[in-house]
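Listing of target.cif; format and content: mmCIF, C-alpha atoms.
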data_target
loop_
_atom_site.label_atom_id
_atom_site.label_comp_id
_atom_site.auth_asym_id
_atom_site.auth_seq_id
_atom_site.Cartn_x
_atom_site.Cartn_y
_atom_site.Cartn_z
CA MET A 2 52.55 81.96 106.64
CA LYS A 3 51.16 80.65 103.35
CA HIS A 4 53.47 81.51 100.48
CA ASP A 5 52.45 82.29 96.91
CA SER A 6 55.93 81.20 95.79
CA ASP A 7 59.08 80.00 97.48
CA VAL A 8 61.09 82.82 95.91
CA LEU A 9 60.00 86.24 94.64
CA ILE A 10 62.37 87.97 92.19
CA ALA A 11 62.12 91.71 91.53
CA GLY A 12 63.59 92.34 88.07
CA GLY A 13 63.20 90.45 84.81
CA GLY A 14 66.29 91.45 82.85
CA LEU A 15 68.77 88.57 82.48
CA ASN A 16 69.94 87.60 85.97
CA GLY A 17 66.43 87.37 87.42
CA PRO A 18 65.12 84.92 84.80
CA ALA A 19 68.33 82.86 84.96
CA LEU A 20 67.94 82.52 88.73
CA ALA A 21 64.25 81.67 88.35
CA LEU A 22 65.03 78.83 85.95
CA ALA A 23 67.86 77.47 88.12
CA LEU A 24 65.63 77.37 91.20
CA ALA A 25 62.60 76.01 89.37
CA ASP A 26 64.63 73.21 87.78
CA ALA A 27 65.54 72.16 91.34
CA GLY A 28 61.90 72.09 92.48
CA LEU A 29 61.27 75.56 93.97
CA THR A 30 58.40 77.77 92.86
CA VAL A 31 59.34 81.25 91.66
CA THR A 32 57.54 84.46 90.70
CA VAL A 33 59.40 87.06 88.62
CA ILE A 34 58.06 90.61 88.87
CA ASP A 35 59.24 92.75 85.95
CA ALA A 36 58.49 96.43 85.39
CA GLN A 37 59.06 95.97 81.66
CA PRO A 38 56.59 94.43 79.19
CA ALA A 39 56.84 90.69 78.62
CA ARG A 40 59.65 90.03 76.16
CA ALA A 41 58.49 89.31 72.64
CA ARG A 42 59.28 85.81 71.44
CA GLY A 43 59.44 86.64 67.74
CA ALA A 44 62.56 87.21 65.64
CA GLU A 45 63.28 90.79 66.68
CA GLY A 46 65.85 92.72 64.70
CA PHE A 47 69.35 93.25 66.04
CA ASP A 48 69.43 96.34 68.26
CA GLY A 49 73.21 96.48 68.73
CA ARG A 50 73.35 95.06 72.26
CA ALA A 51 75.57 92.05 72.91
CA TYR A 52 77.36 90.39 75.83
CA ALA A 53 80.76 88.83 76.37
CA LEU A 54 80.10 85.49 78.05
CA ALA A 55 82.85 83.85 80.06
CA ILE A 56 83.24 80.08 79.73
CA ALA A 57 81.69 79.64 83.19
CA SER A 58 78.62 81.64 82.11
CA GLN A 59 78.27 79.49 78.99
CA LYS A 60 78.36 76.39 81.20
CA LEU A 61 75.59 77.81 83.38
CA LEU A 62 73.40 78.38 80.32
CA ALA A 63 74.15 74.82 79.24
CA ALA A 64 73.14 73.50 82.67
CA LEU A 65 69.84 75.38 82.31
CA GLY A 66 69.23 73.69 78.96
CA LEU A 67 69.54 76.90 76.94
CA TRP A 68 72.91 76.61 75.22
CA ARG A 69 71.97 74.00 72.63
CA ASP A 70 69.79 76.53 70.80
CA LEU A 71 71.98 79.54 71.63
CA ALA A 72 75.23 78.00 70.37
CA ALA A 73 74.41 78.63 66.72
CA GLU A 74 73.97 82.36 67.43
CA ALA A 75 77.12 82.76 69.54
CA GLN A 76 80.54 83.86 68.28
CA PRO A 77 83.47 82.09 69.95
CA MET A 78 86.30 84.37 71.12
CA MET A 79 89.53 82.56 70.41
CA GLU A 80 91.96 85.32 71.40
CA VAL A 81 91.99 88.61 73.33
CA LYS A 82 94.51 91.35 72.60
CA ALA A 83 94.93 94.37 74.90
CA SER A 84 97.19 97.35 74.20
CA ASP A 85 97.78 101.04 74.82
CA GLY A 86 97.02 103.36 71.95
CA ARG A 87 96.29 106.83 70.67
CA PRO A 88 93.80 107.77 67.92
CA GLY A 89 95.45 107.42 64.54
CA GLU A 90 98.71 105.93 65.90
CA GLY A 91 97.92 102.25 66.27
CA ALA A 92 98.66 99.93 69.16
CA SER A 93 101.71 99.99 71.41
CA PRO A 94 104.35 97.33 70.62
CA LEU A 95 104.00 96.12 74.23
CA PHE A 96 100.66 94.36 74.65
CA LEU A 97 98.82 91.48 76.27
CA HIS A 98 97.73 88.49 74.20
CA PHE A 99 95.40 85.87 75.65
CA ASP A 100 95.10 82.78 73.46
CA SER A 101 92.46 80.11 74.07
CA ARG A 102 95.03 77.41 73.32
CA GLU A 103 96.68 78.25 76.66
CA LEU A 104 93.56 77.25 78.58
CA ASP A 105 92.66 73.64 79.24
CA GLN A 106 89.43 74.42 77.41
CA SER A 107 88.56 76.55 74.43
CA PRO A 108 87.46 79.20 73.48
CA VAL A 109 88.22 82.15 75.80
CA GLY A 110 84.52 83.05 75.80
CA TYR A 111 81.58 83.85 73.54
CA MET A 112 79.82 86.94 72.22
CA LEU A 113 76.03 86.66 72.19
CA GLU A 114 73.46 89.23 71.09
CA ASP A 115 70.88 90.37 73.62
CA ARG A 116 67.96 89.49 71.38
CA PHE A 117 68.86 85.79 71.41
CA LEU A 118 69.67 85.50 75.12
CA SER A 119 66.64 87.50 76.28
CA ARG A 120 64.31 85.50 74.07
CA ALA A 121 65.72 82.17 75.22
CA LEU A 122 65.23 83.10 78.87
CA ALA A 123 61.70 84.42 78.23
CA GLU A 124 60.64 81.28 76.36
CA ALA A 125 62.11 79.00 79.01
CA MET A 126 60.28 80.88 81.79
CA ALA A 127 56.99 80.75 79.88
CA ALA A 128 57.36 76.99 79.41
CA HIS A 129 58.34 76.17 83.00
CA PRO A 130 55.46 75.06 85.25
CA ARG A 131 57.13 76.38 88.42
CA VAL A 132 57.88 79.90 87.11
CA SER A 133 55.32 82.72 86.99
CA LEU A 134 56.00 86.08 85.33
CA ILE A 135 54.16 89.26 86.26
CA ALA A 136 55.09 91.86 83.62
CA GLU A 137 54.60 95.63 83.48
CA THR A 138 54.39 95.65 87.28
CA SER A 139 56.82 96.79 89.94
CA VAL A 140 57.32 96.17 93.64
CA THR A 141 56.34 99.26 95.62
CA ALA A 142 56.72 97.95 99.19
CA GLN A 143 58.14 94.95 101.03
CA GLN A 144 57.86 93.64 104.55
CA ALA A 145 60.06 90.89 105.94
CA GLY A 146 58.84 88.87 108.89
CA ALA A 147 59.57 85.69 110.79
CA GLY A 148 57.52 83.54 108.43
CA GLY A 149 58.32 85.11 105.08
CA VAL A 150 58.33 88.32 103.05
CA THR A 151 55.34 90.17 101.64
CA VAL A 152 55.57 92.52 98.66
CA THR A 153 53.04 95.03 97.43
CA LEU A 154 52.81 95.49 93.67
CA SER A 155 52.06 98.59 91.66
CA ASP A 156 48.70 97.11 90.63
CA GLY A 157 47.67 96.79 94.29
CA ARG A 158 48.19 93.06 94.68
CA SER A 159 50.24 91.49 97.47
CA LEU A 160 52.42 88.40 97.19
CA THR A 161 54.24 86.38 99.81
CA GLY A 162 57.40 84.29 99.56
CA ARG A 163 60.12 82.79 101.70
CA VAL A 164 62.75 85.12 100.24
CA LEU A 165 62.82 88.18 97.96
CA VAL A 166 65.68 88.56 95.49
CA GLY A 167 66.54 92.01 94.15
CA ALA A 168 67.61 91.76 90.52
CA ASP A 169 66.41 95.29 89.87
CA GLY A 170 69.56 97.10 88.80
CA ARG A 171 71.93 99.76 90.08
CA ARG A 172 69.12 101.80 91.64
CA SER A 173 67.64 98.76 93.31
CA GLY A 174 64.40 99.53 95.10
CA THR A 175 64.72 96.18 96.86
CA ALA A 176 68.01 97.25 98.42
CA GLU A 177 66.75 100.71 99.33
CA ARG A 178 63.61 99.40 101.02
CA ALA A 179 65.73 96.89 102.96
CA GLY A 180 67.90 99.74 104.27
CA ILE A 181 70.99 98.58 102.36
CA GLY A 182 73.15 101.56 101.49
CA ARG A 183 75.49 101.95 98.53
CA GLU A 184 78.91 103.39 97.91
CA GLY A 185 80.67 104.29 94.70
CA TRP A 186 81.55 107.09 92.32
CA GLY A 187 81.15 108.25 88.77
CA TYR A 188 83.96 107.94 86.23
CA GLY A 189 83.22 111.11 84.30
CA GLN A 190 82.98 108.78 81.30
CA THR A 191 80.15 107.70 79.04
CA ALA A 192 80.06 104.43 77.09
CA LEU A 193 79.15 104.64 73.40
CA VAL A 194 77.84 101.27 72.24
CA ALA A 195 77.23 100.14 68.66
CA ALA A 196 77.64 97.23 66.28
CA ILE A 197 80.03 97.62 63.37
CA ALA A 198 80.12 95.75 60.05
CA HIS A 199 83.63 95.43 58.62
CA GLU A 200 85.22 94.33 55.39
CA LEU A 201 87.66 91.75 56.74
CA PRO A 202 87.03 88.78 59.11
CA HIS A 203 87.84 89.23 62.79
CA ASN A 204 88.87 85.57 63.20
CA GLY A 205 87.27 85.46 66.64
CA ILE A 206 89.77 87.95 68.10
CA ALA A 207 88.60 90.49 70.70
CA GLN A 208 90.55 93.76 70.88
CA GLN A 209 90.89 96.17 73.80
CA PHE A 210 92.56 99.51 73.04
CA PHE A 211 93.32 101.75 76.02
CA MET A 212 92.91 105.30 74.68
CA PRO A 213 93.64 108.48 76.68
CA GLY A 214 89.91 109.25 76.93
CA GLY A 215 88.91 105.72 77.90
CA PRO A 216 89.02 102.13 76.65
CA LEU A 217 87.67 100.98 73.29
CA ALA A 218 86.62 97.32 73.14
CA ILE A 219 86.07 95.69 69.74
CA LEU A 220 84.31 92.37 70.33
CA PRO A 221 83.62 89.83 67.57
CA LEU A 222 80.05 88.98 66.57
CA THR A 223 78.92 86.37 64.05
CA GLY A 224 79.81 87.21 60.48
CA ASN A 225 81.95 90.22 59.65
CA ARG A 226 80.54 92.23 62.54
CA SER A 227 81.86 93.44 65.88
CA SER A 228 80.33 95.10 68.93
CA ILE A 229 82.11 98.19 70.24
CA VAL A 230 82.05 99.62 73.74
CA TRP A 231 83.81 102.97 73.47
CA SER A 232 84.38 105.04 76.63
CA GLU A 233 84.94 108.78 76.36
CA PRO A 234 84.83 111.71 78.83
CA ASP A 235 81.23 112.81 79.33
CA ALA A 236 81.43 116.07 77.37
CA SER A 237 83.21 114.44 74.44
CA ALA A 238 80.77 111.52 74.46
CA ARG A 239 77.75 113.85 74.37
CA THR A 240 79.20 115.58 71.32
CA ILE A 241 79.97 112.29 69.56
CA ALA A 242 76.57 110.79 70.41
CA ALA A 243 74.83 113.78 68.81
CA LEU A 244 76.65 113.32 65.48
CA SER A 245 75.11 111.80 62.38
CA ASP A 246 76.01 108.19 61.67
CA GLU A 247 78.61 109.18 59.08
CA ASP A 248 80.21 111.76 61.34
CA PHE A 249 80.21 109.25 64.20
CA LEU A 250 82.13 106.82 61.99
CA ALA A 251 84.55 109.56 60.99
CA VAL A 252 85.47 110.07 64.66
CA LEU A 253 85.58 106.33 65.34
CA ARG A 254 87.78 105.29 62.40
CA PRO A 255 91.09 106.74 63.68
CA ARG A 256 90.51 104.93 67.00
CA PHE A 257 89.25 101.71 65.43
CA GLY A 258 92.07 101.49 62.89
CA ASP A 259 92.07 99.75 59.51
CA PHE A 260 92.95 96.19 60.57
CA LEU A 261 89.41 95.06 59.65
CA GLY A 262 89.16 97.12 56.46
CA ARG A 263 86.21 99.42 55.79
CA ILE A 264 83.70 99.80 58.63
CA GLU A 265 80.02 100.77 58.74
CA LEU A 266 77.32 100.82 61.40
CA ALA A 267 75.33 97.60 61.68
CA GLY A 268 72.64 98.71 64.12
CA PRO A 269 71.50 101.57 66.35
CA ARG A 270 73.81 103.43 68.73
CA PHE A 271 73.43 103.66 72.51
CA SER A 272 75.16 105.61 75.25
CA TYR A 273 75.10 105.42 79.03
CA PRO A 274 77.08 107.07 81.86
CA LEU A 275 79.67 104.95 83.66
CA ASN A 276 79.93 104.61 87.41
CA LEU A 277 80.86 102.18 90.14
CA THR A 278 78.19 101.31 92.67
CA LEU A 279 78.54 98.64 95.35
CA ALA A 280 75.88 97.60 97.85
CA LYS A 281 77.17 97.72 101.42
CA ALA A 282 75.57 94.32 102.01
CA TYR A 283 74.22 91.67 99.65
CA VAL A 284 71.66 90.33 102.10
CA ALA A 285 69.19 91.36 104.79
CA PRO A 286 66.53 89.26 106.57
CA ARG A 287 64.68 87.45 103.74
CA ILE A 288 66.40 89.64 101.11
CA ALA A 289 69.26 88.90 98.69
CA LEU A 290 70.72 91.05 95.91
CA ILE A 291 72.22 89.83 92.64
CA GLY A 292 73.72 91.44 89.56
CA ASP A 293 73.82 95.20 89.28
CA ALA A 294 71.66 95.50 92.39
CA ALA A 295 74.71 94.20 94.27
CA HIS A 296 77.56 95.57 92.13
CA GLY A 297 77.49 97.88 89.13
CA VAL A 298 80.94 97.86 87.52
CA HIS A 299 82.91 99.50 84.70
CA PRO A 300 82.48 97.59 81.40
CA ILE A 301 86.25 97.61 80.78
CA ALA A 302 86.55 93.81 80.81
CA GLY A 303 82.96 92.95 79.85
CA GLN A 304 82.42 91.28 83.23
CA GLY A 305 79.10 92.82 84.31
CA LEU A 306 76.79 90.01 83.18
CA ASN A 307 79.35 87.35 84.13
CA LEU A 308 79.49 88.67 87.69
CA GLY A 309 75.70 88.58 87.82
CA LEU A 310 75.57 84.99 86.60
CA ARG A 311 78.14 84.02 89.22
CA ASP A 312 75.73 85.47 91.78
CA VAL A 313 72.90 83.45 90.23
CA ALA A 314 74.89 80.21 90.45
CA ALA A 315 75.98 80.78 94.05
CA LEU A 316 72.60 81.93 95.38
CA ALA A 317 70.73 79.14 93.60
CA GLU A 318 73.07 76.54 95.10
CA ILE A 319 72.74 78.00 98.61
CA LEU A 320 68.93 78.12 98.46
CA VAL A 321 68.49 74.69 96.88
CA ASP A 322 70.87 72.95 99.27
CA ALA A 323 69.23 74.68 102.25
CA THR A 324 65.81 73.54 101.04
CA ARG A 325 67.01 69.95 100.81
CA ARG A 326 68.31 70.16 104.37
CA GLY A 327 64.95 71.46 105.58
CA GLU A 328 66.28 74.93 106.45
CA ASP A 329 64.37 78.19 106.16
CA ILE A 330 65.83 79.66 102.96
CA GLY A 331 65.00 83.22 104.02
CA ALA A 332 66.82 82.97 107.34
CA ILE A 333 69.72 85.41 107.59
CA ASP A 334 72.27 82.72 108.41
CA VAL A 335 71.41 80.92 105.16
CA LEU A 336 71.58 84.10 103.09
CA GLU A 337 74.87 85.13 104.67
CA ARG A 338 76.44 82.02 103.14
CA TYR A 339 75.70 83.56 99.75
CA GLN A 340 77.15 86.92 100.79
CA GLY A 341 80.28 85.25 102.12
CA TRP A 342 80.72 83.38 98.85
CA ARG A 343 80.22 86.30 96.48
CA ARG A 344 80.94 89.65 98.08
CA PHE A 345 84.74 89.52 98.26
CA ASP A 346 85.09 88.16 94.71
CA SER A 347 82.80 90.70 93.07
CA THR A 348 84.13 93.66 95.07
CA SER A 349 87.74 92.73 94.31
CA LEU A 350 87.01 92.43 90.60
CA ALA A 351 85.06 95.71 90.57
CA LEU A 352 87.87 97.60 92.28
CA GLY A 353 90.44 95.93 90.03
CA MET A 354 88.62 97.16 86.92
CA ASP A 355 88.34 100.59 88.55
CA THR A 356 92.12 100.69 89.03
CA VAL A 357 92.84 99.59 85.47
CA ASN A 358 90.51 102.23 84.08
CA LYS A 359 92.12 104.99 86.13
CA LEU A 360 95.61 103.80 85.24
CA PHE A 361 94.97 103.68 81.49
CA SER A 362 92.40 106.43 80.85
CA ASN A 363 94.98 109.19 80.52
CA ASP A 364 97.99 110.19 78.46
CA ASN A 365 100.33 110.79 81.39
CA PRO A 366 103.93 110.71 80.05
CA VAL A 367 105.15 109.08 83.27
CA LEU A 368 102.45 106.42 83.56
CA ARG A 369 102.29 105.48 79.90
CA PRO A 370 105.73 103.78 79.60
CA LEU A 371 105.29 102.11 83.01
CA ARG A 372 101.95 100.57 82.16
CA ASP A 373 103.18 99.45 78.74
CA LEU A 374 106.16 97.83 80.44
CA GLY A 375 103.78 96.16 82.91
CA MET A 376 101.74 94.63 80.07
CA GLY A 377 104.95 93.43 78.47
CA VAL A 378 106.04 91.77 81.69
CA VAL A 379 102.69 89.99 82.17
CA GLN A 380 102.82 88.86 78.54
CA ALA A 381 106.26 87.37 79.10
CA LEU A 382 105.25 85.50 82.28
CA GLY A 383 103.15 82.57 81.12
CA PRO A 384 101.81 81.39 84.51
CA LEU A 385 100.73 84.93 85.48
CA ARG A 386 99.09 85.49 82.12
CA ARG A 387 97.24 82.16 82.31
CA GLY A 388 96.09 83.08 85.82
CA PHE A 389 94.50 86.26 84.49
CA MET A 390 92.86 84.23 81.71
CA ARG A 391 91.35 81.74 84.14
CA GLN A 392 90.03 84.57 86.33
CA ALA A 393 88.39 86.31 83.35
CA ALA A 394 86.92 83.01 82.16
CA GLY A 395 85.32 82.47 85.58
CA LEU A 396 87.34 79.30 86.15
CA ALA A 397 89.26 80.40 89.27
CA GLY A 398 88.28 79.85 92.90
CA ALA A 399 85.48 77.75 94.38
CA GLN A 400 82.92 77.19 91.64
CA PRO A 401 79.18 76.73 92.16
CA ARG A 402 77.92 73.61 90.41
CA LEU A 403 76.06 75.51 87.69
CA LEU A 404 79.27 77.27 86.60
CA THR A 405 80.84 73.89 85.92
CA GLY A 406 77.87 72.79 83.81
CA ARG A 407 76.33 70.56 86.48
CA ALA A 408 72.66 70.75 87.41
CA LEU A 409 71.62 71.47 90.99
#
Starting from the file, lay out its structure as structure tokens.
Amino acid sequence: MKHDSDVLIAGGGLNGPALALALADAGLTVTVIDAQPARARGAEGFDGRAYALAIASQKLLAALGLWRDLAAEAQPMMEVKASDGRPGEGASPLFLHFDSRELDQSPVGYMLEDRFLSRALAEAMAAHPRVSLIAETSVTAQQAGAGGVTVTLSDGRSLTGRVLVGADGRRSGTAERAGIGREGWGYGQTALVAAIAHELPHNGIAQQFFMPGGPLAILPLTGNRSSIVWSEPDASARTIAALSDEDFLAVLRPRFGDFLGRIELAGPRFSYPLNLTLAKAYVAPRIALIGDAAHGVHPIAGQGLNLGLRDVAALAEILVDATRRGEDIGAIDVLERYQGWRRFDSTSLALGMDTVNKLFSNDNPVLRPLRDLGMGVVQALGPLRRGFMRQAAGLAGAQPRLLTGRAL
């Protein structure tokens, strides 16, 4: 079979372009098929969306040649503080404190706005001779065979490749057409997302308050700004989302506290329902899933994008090494190496975040003192605490080369 590209990628959000660049840098040809319009490369205004990047994710971006320009727009996170709390009462005296000075590298991670990361990926794809982007087009059908995979596009065209990667989100059409089922459940929670300007400096400290209705993350951005991810029960979230900006802030302030002084909105507000969704397999003949197509998780620890970039690093390494050995990169035994590398890690982390959310998203008088005591114990045990830090930073376990900053 003659192939239009070595690898076809359905989905042009963040993980798809990152994978395309990793593969293309190693000599493979890639076509990214994105249902959204091509990303503008101008200086778009801040829309409130931002990501917490683990150190391993930052190293991947550096290996792709993107971090040099992104570094000036990123806010280092030097510390993370996590505690129980109630609106208007402040944090529990028993809390977790992760300090970057306890790692053998600093900082703990970085906050980066979507507008900078998306633009960097779009510009890099446009400049790369081995990457093609087909925008405002979706995959409507796919057929895997012995010699490759053929996809039909919404504009009527057909493309062939050696392997098709689904980077098309929690409702992945790639997975559905491959017969890969999903399992999961809703949380009955909705995330309210916004950027906040505040009077006092955050000093690079990320805060996680576990409220009875759901967690509130306050994540430092450049300047005196922070990104919030505020989880509330669905009905309460709908009411809060419908409020005016000033009324929204009035509800937020008792939860946010006054440790950063006066607060105001610094961008638009978003909301989205929270659920857990896990693909029952990450691969099928000539098919592989990455990112939310493989595992959609609770945002409680800000690990969604980091999990996706771990997928990118592992799959890119598997495909590139197989190519160099002369193997068929779409063969199921090759793709199962990727599944074996990533599925246990991502499922364990997803279920761990699920457990933490269920444990803390309540005001149970029995559970509350026990969980506060548990945080106090972890805080007191340095090796255990540092183990959690290394896991969150993406530094634990067998690391793909890209996550250590090395090119493929």
*Interatomic distance, atom CA of A:Ala267 to atom CA of A:Gly49 (Å, one decimal)*: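 A separation of 7.4 Å between them.
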*Name the residues that the PyMOL selection byres ((chain A and resi 174) around 12) picks from the file above, as a ChimeraX atom specification, using the file's chain letters and numbers.*
/A:11-12,36,139-143,152,165-173,175-183,280,288,290,293-295
*asked:* Show me, as a PyMOL selection string, the residues that have an atom within 12 Å of A:Gln400 when counting all atoms listed in the file, minus same-chain residues fewer than 3 positions from it.
replied: chain A and resi 57-58+60-61+310-316+318+342-343+346+392+394-397+403-407
_Once the PyMOL selection byres ((chain A and resi 208) around 8) is applied to the coordinates I shared, what remains selected? I want it as a list of chain:residue names._
A:Val81, A:Lys82, A:Ala83, A:Ile206, A:Ala207, A:Gln209, A:Phe210, A:Ala218, A:Ile219, A:Leu220
*asked:* Set the distance at 12 Å and use all atoms listed in the file: which residues neighbour A:Ile301 once local chain neighbours fewer than 6 positions away are removed? I'd like the list as number ranges by chain.
replied: A: 53, 83, 188, 190-192, 208-212, 215-220, 229-232, 275-277, 350-359, 361-362, 393
*What residues come out when you apply the PyMOL selection byres ((chain A and resi 204) around 12) to this file, written as an MDAnalysis selection string?*
chainID A and resid 76:81 201:203 205:208 220:227 260:261
*Can you work out the spacing between atom CA of A:Arg287 and atom CA of A:Val164 in Å, to one decimal?*
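Distance reported for this atom pair: 4.6 Å.
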*Point-to-point distance in Å for atom CA of A:Leu54 and atom CA of A:Ala23*: 17.8 Å
_Minimum-distance residue to A:Thr138, chosen among A:Gly13, A:Ala73, A:Gly185, A:Ile241 (using all atoms listed in the file)_ = A:Gly13
_Top pick for closest residue to A:Asn307, considering A:Pro234, A:Pro274, A:Gly292, A:Gly162 and counting only C-alpha atoms_ =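 Of A:Pro234, A:Pro274, A:Gly292, A:Gly162, the one nearest A:Asn307 is A:Gly292, counting only C-alpha atoms.
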*Neighbours of A:Thr278 within 6 Å (all atoms listed in the file; same-chain residues fewer than 5 positions away dropped), as JSON, numbers by chain?*
{"A": [184, 185, 296, 297]}
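Distances here use only C-alpha atoms; by that measure, the residue among A:Glu337, A:Glu137, A:Glu247, A:Glu265 closest to A:Ala198 is A:Glu265.
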*For the point (66.2, 81.6, 77.2) in file coordinates, what residues are within 10 Å, counting all atoms listed in the file? Give the answer as a count of residues only?*
24
*Do a neighbour search on A:Ile135 at 7 Å with all atoms listed in the file, toss out local chain neighbours closer than 4 positions, and write the hits as number ranges by chain.*
A: 33-35
*asked:* Just checking: using all atoms listed in the file, which residue out of A:Arg69, A:Arg50, A:Arg40, A:His129 ends up closest to A:Ala21?
replied: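 Closest residue, counting all atoms listed in the file: A:His129.
Among the candidates A:Arg163, A:His299, A:Arg256, A:Arg158, the residue lying nearest to A:Val8 is A:Arg163 (atoms considered: all atoms listed in the file).
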*Closest to A:Leu113 among A:Arg325, A:Pro38, A:Leu306, A:His199, using only C-alpha atoms?*
A:Leu306
